[in-house]
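K.L.:
I have a structure here, written as structure tokens, and I will follow up with some questions on it.
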Amino acid sequence: MAVGPWEVVEAPAIPPNAVRSTPLPLRGIAPRGGGKKLAWALQTAPEQVRFFEEYTQQAYPFDKLDLLGAPDFSAGAMENAGLIIYRDAYLLADADSPADKFRGVYNINAHEIAHQWYGDLVTVPWWDDIWLNEAYATWAQAKASLAMKPEYHTDLSALEGRVWAMKSDSLLSTRKVRQPINGEGDIQTAFDGITYQKGAAVLAMFERWVGEERFRAGMRDYLAKRKFGSGSSDDLIATLSAASGKGEHFAKAMRSFLDQPGVPLVQTTLSCRSGKARLDLHQQRYLPYGVMAGESSTWDVPVCVRFGRGKTMDSQCFLLDKAEASFDVEGSCPDWYLPNADARGYYRFEMDKPDLARLAAAVSSLAPVEQMTYADALSSAFHRGTLPPGTLLEAVPLLAGSELPQVATALLGDLEWIRENLTDAGVRGQLDAWIAQIYMPRLEQLGWRRQKGEAESVTNLRTRLAELLAMTMRWAPARAPLATQGRQALGLGKEKGVDLSRADPDLLDLALKIAVQEGGETAYAAALTAFEAERDTARRYALLGALGSTRDAALAARARDYGLGKAVQIGEMRYLYSSQMDEPENRQASWNWLTRNFDAYRQRLSPFAQSGLPKSFSTGACSNEDAERVSAFIAPRVDSLIGGDRGLAQTLESIRQCAALRKHIDHSAFAEWVAARGSN
């Protein structure tokens with residue numbers, strides 16, 4: 001039930017089709033005055049409903065579909081049957097919205113509408129199977145978006161999510177997909193990348209292994225037999241096993257990914273004799289440098305491999321169901337191979353150096369998702385301590401020229417880690433010059449404003465490169481145009497009065513931050529006044545982020561205190577404090593502030609956010625001393641945080657992993673590499 005000053009927009013009913021015999025009423029609900037911003041969600045919802053009806057062969061299960069955007073909803077969205085509630089910033093969009101808002105609305109809408117089948121038509125018996133709801137909705141969302149909006153490249157975004165989940169899954173303190181639930185903290189922390197992104201990736205991997213038709217048949221059977229009831233992981237596995245044609249092999253393999261934590265690392269060696277190829281595979285748990293597992297783990301891994309021979313390519317799948325095995329490769333000896341064809345496998349791979357070099361030479365011929373999984377192989381080897389940072393950086397130019405933002409920026413997270421943790425001021429300046437030489441001409445070519453009819457991928461790439469160059473690197477030529485836009489938006493240029501539409505909507509967040517960072521008290525006061533007058537949730541987020549990003553010590557202190565006041569809603573707080581922690585100058589003061597204001601800050605956090613408190617105030621921490629500092633303060637208070645024990649354990653492990661890798665790397669050799677590249 002939703003009560004408030006709503007504006008209700010009646011949309012045309014969704015017509016009957018071959019699966020559903022009656023029209024389906026559709027409405028959008030927004031805070032009063034926001035009705036026009038519902039147009040995109042209401043325009044696209046009917047095609048999503050039709051897609052899921054066709055895929056599942058089950059009619060939409062309820063008598064109506066209402067989409068409601070609420071201004072301070074604690075979750076991103078909630079799939080209540082027939083009345084889906086969203087945080088309004090995630091549902092409302094108009095001509096002044098960033099381009100990625102339309103993609104975001106489409107995807108979150110697809111996710112929540114998918115839940116009407118996966119979670120509502122069939123739900124789960126208990127919280128330990130919550131992944132069935134969330135992983136399936138995440139997987140189904142990507143499937144629908146890729147089919148109907150291919151320009152969004154949802155397969156690439158899903159792969160980014162998978163890589164992000166693998167980072168968490170590389171911790172010894174990570175949890176299983178199907179995790180026992182013993183209390184409220186276990187419930188709240190179950191809504192994470194392991195449940196959503198890893199769960200969806202496991203589904204995609206097994207769909208690739210058995211084929212889409214058989215997988216769909218199994219899913220249809222599962223929903224049909226259990227509609228308006230519940231189904232467990234065991235029920236699903238039994239149904240899919242029967243449909244797969246692989247029987248117990250399928251069931252055993254799927255359980256191996258659901259019932260134990262971690263990411264498999266598949267090490268590969270290809271040998272050729274008399275024109276015949278043989279592939280040797282060995283598996284172990286992937287762990288970053290300096291981490292020792294207490295016990296060995298193995299999975300039943302469907303390893304699908306891409307082989308290249310001249311101008312032709314093919315793929316072959318193998319089931320690696322033991323620690324190591326050898327397989328004959330069909331056809332002649334390949335020129336190169338990629339151990340994760342279509343990038344659908346939830347595992348990382350490590351190749352012999354000659355094999356990796358041959359793959360690198362063929363990277364341009366790979367599909368974009370496969371280029372990204374090649375980048376992840378380099379990244380995972382770097383964090384495992386087996387790949388020097390210079391070798392990783394040499395791959396950046398190989399990918400940087402891609403038209404697709406996910407590929408062009410695939411290694412930027414590692415680049416930023418290297419920049420922050422391995423360089424002093426002199427080396428950093430040389431590294432920045434090298435990075436700018438690669439990316440700045442591309443950003444200037446893209447320009448500083450979205451053009452009419454511009455592809456979403458172009459807008460996305462502009463935003464990513466501007467973030468890197470202007471905020472992370474603080475590269476003056478990239479900051480100047482954004483500072484101008486930010487000043488104009490805040491009324492500090494020739495035109496007076498706040499008008500946020502003067503800045504490019506996709507770069508508004510960055511423009512406001514830079515304006516506040518460079519404009520001192522005057523710009524901070526203008527942003528604060530604008531925030532208190534603004535009612536659009538997304539713009540409030542941008543203005544709060546700008547207030548938090550100030551590097552002036554006195555203004556930063558004011559911003560931190562302001563975040564505890566009633567003017568900042570609970571769902572908005574993270575935009576202020578994450579901006580604080582993004583700026584190295586603010587981190588120590590922010591930590592000191594937390595130690596004085598812990599109770600007041602904690603009491604304002606929603607249950608969803610409490611487990612993340614240790615991590616949110618540990619940005620940039622990368623030493624054993626940092627870990628001890630965080631532990632000494634948080635550990636005695638961890639019981640006051642819902643899910644805090646898991647949040648603290650994962651934070652401390654991440655900090656110690658970072659410290660171990662930083663100590664392991666030969667800094668002098670890296671500095672020599674940077675100097676050599678900087679002189680070219």
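The way I read the labels, and the way they are meant: chains A, B, ... in the order of the structure tokens, residue 1 as the first residue of every chain, and ligand 1 as the first ligand shown, with later ones counted on from there.
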With a distance cut-off of 12 Å and only C-alpha atoms, select the neighbouring residues of A:Cys317, excluding the residue or stretch itself and same-chain residues fewer than 3 positions from it, and output the selection as number ranges by chain.
P.N.:
A: 205-206, 208-211, 279, 301-307, 314, 320, 327-330, 338-342, 344-345
K.L.:
What's around stretch 214-220 of chain A at 6 Å? Count only C-alpha atoms, leave out sequence neighbours fewer than 2 positions away in its own chain, and write the answer as a ChimeraX atom specification.
P.N.:
/A:56,207,211-212,222-223,239-240,243-244
K.L.:
Could you take the residues named above and write them with N, CA and C atoms, as a short mmCIF file (atom, residue, chain, number, x, y, z; two decimals), in the first residue's frame?
P.N.:
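See result-v3.cif below for the written result:
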data_model
loop_
_atom_site.label_atom_id
_atom_site.label_comp_id
_atom_site.auth_asym_id
_atom_site.auth_seq_id
_atom_site.Cartn_x
_atom_site.Cartn_y
_atom_site.Cartn_z
N THR A 56 8.48 -17.65 -20.60
CA THR A 56 8.03 -18.59 -19.58
C THR A 56 6.81 -19.41 -19.99
N GLU A 207 23.41 -22.42 -18.76
CA GLU A 207 22.61 -22.25 -19.97
C GLU A 207 23.48 -22.43 -21.21
N GLY A 211 22.71 -25.51 -23.62
CA GLY A 211 21.99 -24.94 -24.75
C GLY A 211 20.74 -24.19 -24.30
N GLU A 212 20.44 -23.09 -24.99
CA GLU A 212 19.34 -22.23 -24.57
C GLU A 212 17.99 -22.94 -24.62
N TYR A 222 9.70 -25.82 -14.52
CA TYR A 222 9.82 -25.44 -13.10
C TYR A 222 8.70 -24.48 -12.70
N LEU A 223 8.46 -23.46 -13.49
CA LEU A 223 7.42 -22.47 -13.16
C LEU A 223 6.03 -23.08 -13.25
N THR A 239 14.72 -30.23 -11.89
CA THR A 239 13.99 -29.94 -13.13
C THR A 239 14.95 -29.65 -14.27
N LEU A 240 15.95 -28.82 -14.02
CA LEU A 240 16.91 -28.49 -15.08
C LEU A 240 17.75 -29.70 -15.47
N ALA A 243 15.81 -31.71 -17.91
CA ALA A 243 15.69 -31.06 -19.22
C ALA A 243 17.02 -30.98 -19.95
N SER A 244 18.12 -31.02 -19.22
CA SER A 244 19.44 -30.77 -19.81
C SER A 244 19.95 -31.91 -20.67
#
K.L.:
At what distance in Å, to one decimal, does atom CA of A:Glu625 lie from atom CA of A:Val291?
P.N.:
17.7 Å
K.L.:
As a VMD selection string, which residues of stretch 229-294 of chain A does DSSP assign to strand (DSSP E or B)?
P.N.:
chain A and resid 229 to 230 264 to 273 276 to 285
K.L.:
Using only C-alpha atoms, which residues sit within 12 Å of A:Leu613 once same-chain residues fewer than 3 positions away are excluded, as a PDB file with N, CA and C atoms, in the first residue's frame?
P.N.:
ATOM      1  N   MET A 573      22.276   9.729   2.050  1.00  0.00           N
ATOM      2  CA  MET A 573      23.505   9.938   2.818  1.00  0.00           C
ATOM      3  C   MET A 573      24.754   9.434   2.101  1.00  0.00           C
ATOM      4  N   ARG A 574      24.642   8.282   1.454  1.00  0.00           N
ATOM      5  CA  ARG A 574      25.848   7.672   0.892  1.00  0.00           C
ATOM      6  C   ARG A 574      26.473   8.523  -0.201  1.00  0.00           C
ATOM      7  N   TYR A 577      28.858  10.943   1.755  1.00  0.00           N
ATOM      8  CA  TYR A 577      30.013  10.354   2.432  1.00  0.00           C
ATOM      9  C   TYR A 577      30.919   9.590   1.475  1.00  0.00           C
ATOM     10  N   SER A 578      30.371   8.996   0.425  1.00  0.00           N
ATOM     11  CA  SER A 578      31.244   8.340  -0.547  1.00  0.00           C
ATOM     12  C   SER A 578      32.081   9.363  -1.297  1.00  0.00           C
ATOM     13  N   TRP A 591      37.526   9.553   8.846  1.00  0.00           N
ATOM     14  CA  TRP A 591      37.633   8.459   9.814  1.00  0.00           C
ATOM     15  C   TRP A 591      37.563   9.000  11.245  1.00  0.00           C
ATOM     16  N   LEU A 594      34.047   9.766  12.065  1.00  0.00           N
ATOM     17  CA  LEU A 594      33.252   8.572  12.353  1.00  0.00           C
ATOM     18  C   LEU A 594      33.464   8.107  13.781  1.00  0.00           C
ATOM     19  N   PHE A 598      29.894   7.828  15.572  1.00  0.00           N
ATOM     20  CA  PHE A 598      29.497   6.494  15.131  1.00  0.00           C
ATOM     21  C   PHE A 598      28.022   6.217  15.408  1.00  0.00           C
ATOM     22  N   ASP A 599      27.583   6.453  16.639  1.00  0.00           N
ATOM     23  CA  ASP A 599      26.204   6.112  16.996  1.00  0.00           C
ATOM     24  C   ASP A 599      25.201   6.939  16.200  1.00  0.00           C
ATOM     25  N   TYR A 601      25.616   8.319  13.286  1.00  0.00           N
ATOM     26  CA  TYR A 601      25.653   7.888  11.883  1.00  0.00           C
ATOM     27  C   TYR A 601      24.957   6.539  11.714  1.00  0.00           C
ATOM     28  N   ARG A 602      25.280   5.590  12.568  1.00  0.00           N
ATOM     29  CA  ARG A 602      24.696   4.250  12.464  1.00  0.00           C
ATOM     30  C   ARG A 602      23.185   4.297  12.584  1.00  0.00           C
ATOM     31  N   GLN A 603      22.677   5.106  13.485  1.00  0.00           N
ATOM     32  CA  GLN A 603      21.233   5.152  13.709  1.00  0.00           C
ATOM     33  C   GLN A 603      20.461   5.668  12.496  1.00  0.00           C
ATOM     34  N   ARG A 604      21.153   6.380  11.596  1.00  0.00           N
ATOM     35  CA  ARG A 604      20.480   6.887  10.400  1.00  0.00           C
ATOM     36  C   ARG A 604      20.551   5.914   9.225  1.00  0.00           C
ATOM     37  N   LEU A 605      21.329   4.841   9.362  1.00  0.00           N
ATOM     38  CA  LEU A 605      21.484   3.901   8.252  1.00  0.00           C
ATOM     39  C   LEU A 605      20.306   2.938   8.193  1.00  0.00           C
ATOM     40  N   SER A 606      19.871   2.609   6.978  1.00  0.00           N
ATOM     41  CA  SER A 606      18.851   1.587   6.814  1.00  0.00           C
ATOM     42  C   SER A 606      19.462   0.223   7.117  1.00  0.00           C
ATOM     43  N   PRO A 607      18.644  -0.787   7.407  1.00  0.00           N
ATOM     44  CA  PRO A 607      19.189  -2.127   7.642  1.00  0.00           C
ATOM     45  C   PRO A 607      20.044  -2.633   6.481  1.00  0.00           C
ATOM     46  N   PHE A 608      19.680  -2.274   5.240  1.00  0.00           N
ATOM     47  CA  PHE A 608      20.449  -2.709   4.079  1.00  0.00           C
ATOM     48  C   PHE A 608      21.888  -2.183   4.120  1.00  0.00           C
ATOM     49  N   ALA A 609      22.069  -0.984   4.666  1.00  0.00           N
ATOM     50  CA  ALA A 609      23.352  -0.295   4.546  1.00  0.00           C
ATOM     51  C   ALA A 609      24.303  -0.543   5.703  1.00  0.00           C
ATOM     52  N   GLN A 610      23.837  -1.118   6.805  1.00  0.00           N
ATOM     53  CA  GLN A 610      24.665  -1.160   8.007  1.00  0.00           C
ATOM     54  C   GLN A 610      25.897  -2.042   7.859  1.00  0.00           C
ATOM     55  N   SER A 616      32.764   1.401   3.777  1.00  0.00           N
ATOM     56  CA  SER A 616      32.542   2.748   3.243  1.00  0.00           C
ATOM     57  C   SER A 616      33.507   3.767   3.836  1.00  0.00           C
ATOM     58  N   PHE A 617      34.004   3.522   5.041  1.00  0.00           N
ATOM     59  CA  PHE A 617      34.963   4.444   5.649  1.00  0.00           C
ATOM     60  C   PHE A 617      36.391   3.889   5.594  1.00  0.00           C
ATOM     61  N   SER A 618      36.632   2.938   4.679  1.00  0.00           N
ATOM     62  CA  SER A 618      37.973   2.357   4.535  1.00  0.00           C
ATOM     63  C   SER A 618      38.511   2.527   3.125  1.00  0.00           C
ATOM     64  N   THR A 619      37.893   3.379   2.332  1.00  0.00           N
ATOM     65  CA  THR A 619      38.372   3.614   0.972  1.00  0.00           C
ATOM     66  C   THR A 619      39.843   4.025   1.000  1.00  0.00           C
ATOM     67  N   VAL A 630      41.067  -0.054  11.743  1.00  0.00           N
ATOM     68  CA  VAL A 630      39.642  -0.308  11.494  1.00  0.00           C
ATOM     69  C   VAL A 630      39.119  -1.357  12.467  1.00  0.00           C
ATOM     70  N   ILE A 634      36.000  -0.731  15.048  1.00  0.00           N
ATOM     71  CA  ILE A 634      34.721  -1.311  14.644  1.00  0.00           C
ATOM     72  C   ILE A 634      34.401  -2.586  15.413  1.00  0.00           C
ATOM     73  N   ALA A 635      35.401  -3.437  15.656  1.00  0.00           N
ATOM     74  CA  ALA A 635      35.123  -4.750  16.264  1.00  0.00           C
ATOM     75  C   ALA A 635      34.323  -4.650  17.567  1.00  0.00           C
ATOM     76  N   ARG A 637      32.156  -2.615  18.316  1.00  0.00           N
ATOM     77  CA  ARG A 637      30.833  -2.054  18.018  1.00  0.00           C
ATOM     78  C   ARG A 637      30.091  -2.860  16.954  1.00  0.00           C
ATOM     79  N   VAL A 638      30.698  -3.956  16.500  1.00  0.00           N
ATOM     80  CA  VAL A 638      30.163  -4.640  15.328  1.00  0.00           C
ATOM     81  C   VAL A 638      28.784  -5.237  15.588  1.00  0.00           C
ATOM     82  N   SER A 640      26.381  -3.914  16.959  1.00  0.00           N
ATOM     83  CA  SER A 640      25.329  -2.905  16.793  1.00  0.00           C
ATOM     84  C   SER A 640      24.954  -2.700  15.326  1.00  0.00           C
ATOM     85  N   LEU A 641      25.704  -3.325  14.410  1.00  0.00           N
ATOM     86  CA  LEU A 641      25.444  -3.206  12.976  1.00  0.00           C
ATOM     87  C   LEU A 641      24.795  -4.490  12.470  1.00  0.00           C
ATOM     88  N   ILE A 642      23.678  -4.379  11.806  1.00  0.00           N
ATOM     89  CA  ILE A 642      23.037  -5.561  11.222  1.00  0.00           C
ATOM     90  C   ILE A 642      23.936  -6.091  10.112  1.00  0.00           C
ATOM     91  N   GLY A 643      24.405  -7.335  10.275  1.00  0.00           N
ATOM     92  CA  GLY A 643      25.333  -7.906   9.298  1.00  0.00           C
ATOM     93  C   GLY A 643      26.740  -7.364   9.415  1.00  0.00           C
ATOM     94  N   GLY A 644      27.024  -6.693  10.505  1.00  0.00           N
ATOM     95  CA  GLY A 644      28.322  -6.035  10.652  1.00  0.00           C
ATOM     96  C   GLY A 644      29.494  -6.993  10.738  1.00  0.00           C
ATOM     97  N   ASP A 645      29.282  -8.192  11.289  1.00  0.00           N
ATOM     98  CA  ASP A 645      30.396  -9.130  11.417  1.00  0.00           C
ATOM     99  C   ASP A 645      30.936  -9.523  10.055  1.00  0.00           C
ATOM    100  N   ARG A 646      30.037  -9.793   9.099  1.00  0.00           N
ATOM    101  CA  ARG A 646      30.503 -10.148   7.760  1.00  0.00           C
ATOM    102  C   ARG A 646      31.106  -8.932   7.065  1.00  0.00           C
ATOM    103  N   GLY A 647      30.479  -7.785   7.221  1.00  0.00           N
ATOM    104  CA  GLY A 647      31.008  -6.576   6.592  1.00  0.00           C
ATOM    105  C   GLY A 647      32.403  -6.234   7.081  1.00  0.00           C
ATOM    106  N   LEU A 648      32.640  -6.379   8.389  1.00  0.00           N
ATOM    107  CA  LEU A 648      33.957  -6.090   8.944  1.00  0.00           C
ATOM    108  C   LEU A 648      34.981  -7.117   8.473  1.00  0.00           C
ATOM    109  N   ALA A 649      34.624  -8.402   8.506  1.00  0.00           N
ATOM    110  CA  ALA A 649      35.569  -9.445   8.093  1.00  0.00           C
ATOM    111  C   ALA A 649      36.013  -9.242   6.648  1.00  0.00           C
ATOM    112  N   GLN A 650      35.083  -8.912   5.778  1.00  0.00           N
ATOM    113  CA  GLN A 650      35.433  -8.739   4.368  1.00  0.00           C
ATOM    114  C   GLN A 650      36.250  -7.470   4.159  1.00  0.00           C
ATOM    115  N   THR A 651      35.955  -6.435   4.928  1.00  0.00           N
ATOM    116  CA  THR A 651      36.730  -5.200   4.820  1.00  0.00           C
ATOM    117  C   THR A 651      38.173  -5.418   5.249  1.00  0.00           C
TER     118      THR A 651
END
K.L.:
With distances taken over only C-alpha atoms, which residue among A:Ile29, A:Leu132, A:Ala455, A:Ala489 lies nearest A:Ser233?
P.N.:
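Closest candidate: A:Leu132.
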K.L.:
Show me, as a Markdown table, the residues of stretch 216-302 of chain A having an atom within 9 Å of stretch 167-188 of chain A, each with the closest atom pair and its distance in Å, using only C-alpha atoms.
P.N.:
| residue | atom | partner | partner_atom | distance |
| --- | --- | --- | --- | --- |
| A:Ser233 | CA | A:Arg178 | CA | 8.3 |
| A:Phe257 | CA | A:Val177 | CA | 7.7 |
| A:Leu258 | CA | A:Val177 | CA | 5.0 |
| A:Asp259 | CA | A:Arg178 | CA | 5.8 |
| A:Gln260 | CA | A:Lys176 | CA | 5.3 |
| A:Pro261 | CA | A:Lys176 | CA | 4.5 |
| A:Gly262 | CA | A:Asp169 | CA | 5.0 |
| A:Val263 | CA | A:Asp169 | CA | 6.2 |
| A:Arg285 | CA | A:Ser170 | CA | 8.5 |
| A:Tyr286 | CA | A:Ser170 | CA | 6.5 |
| A:Leu287 | CA | A:Ser170 | CA | 5.6 |
| A:Pro288 | CA | A:Ser170 | CA | 7.0 |
| A:Val291 | CA | A:Leu172 | CA | 8.2 |
| A:Met292 | CA | A:Leu172 | CA | 8.8 |
| A:Ala293 | CA | A:Leu172 | CA | 7.2 |
K.L.:
I need the residues from that last selection saved to file as a CSV table (one decimal), in the first residue's frame (with N, CA and C atoms), if you can.
P.N.:
chain,number,residue,atom,x,y,z
A,233,SER,N,16.2,-24.7,-4.3
A,233,SER,CA,17.3,-25.0,-5.2
A,233,SER,C,17.2,-26.4,-5.7
A,257,PHE,N,28.8,-25.1,-7.6
A,257,PHE,CA,28.9,-23.7,-7.6
A,257,PHE,C,28.0,-23.0,-6.6
A,258,LEU,N,26.9,-23.7,-6.2
A,258,LEU,CA,25.9,-23.1,-5.2
A,258,LEU,C,26.3,-23.3,-3.8
A,259,ASP,N,26.9,-24.5,-3.5
A,259,ASP,CA,27.1,-24.9,-2.1
A,259,ASP,C,28.5,-24.7,-1.6
A,260,GLN,N,29.4,-24.1,-2.3
A,260,GLN,CA,30.7,-23.7,-1.7
A,260,GLN,C,31.1,-22.4,-2.3
A,261,PRO,N,31.8,-21.6,-1.5
A,261,PRO,CA,32.2,-20.3,-1.9
A,261,PRO,C,33.4,-20.3,-2.9
A,262,GLY,N,33.7,-19.2,-3.5
A,262,GLY,CA,35.0,-19.0,-4.2
A,262,GLY,C,34.8,-19.1,-5.7
A,263,VAL,N,35.9,-18.7,-6.4
A,263,VAL,CA,36.0,-18.7,-7.8
A,263,VAL,C,37.0,-19.7,-8.3
A,285,ARG,N,41.3,-23.1,-6.3
A,285,ARG,CA,40.5,-21.9,-6.0
A,285,ARG,C,41.4,-20.7,-6.3
A,286,TYR,N,40.8,-19.7,-6.9
A,286,TYR,CA,41.5,-18.4,-7.2
A,286,TYR,C,41.6,-17.6,-5.9
A,287,LEU,N,42.8,-17.2,-5.5
A,287,LEU,CA,43.0,-16.4,-4.4
A,287,LEU,C,44.1,-15.4,-4.7
A,288,PRO,N,43.9,-14.1,-4.3
A,288,PRO,CA,44.9,-13.1,-4.5
A,288,PRO,C,46.2,-13.4,-3.8
A,291,VAL,N,47.3,-14.9,0.1
A,291,VAL,CA,46.2,-15.6,0.8
A,291,VAL,C,46.3,-17.1,0.6
A,292,MET,N,46.3,-17.8,1.7
A,292,MET,CA,46.4,-19.3,1.7
A,292,MET,C,45.1,-19.9,2.1
A,293,ALA,N,44.5,-20.7,1.3
A,293,ALA,CA,43.2,-21.4,1.7
A,293,ALA,C,43.5,-22.5,2.7
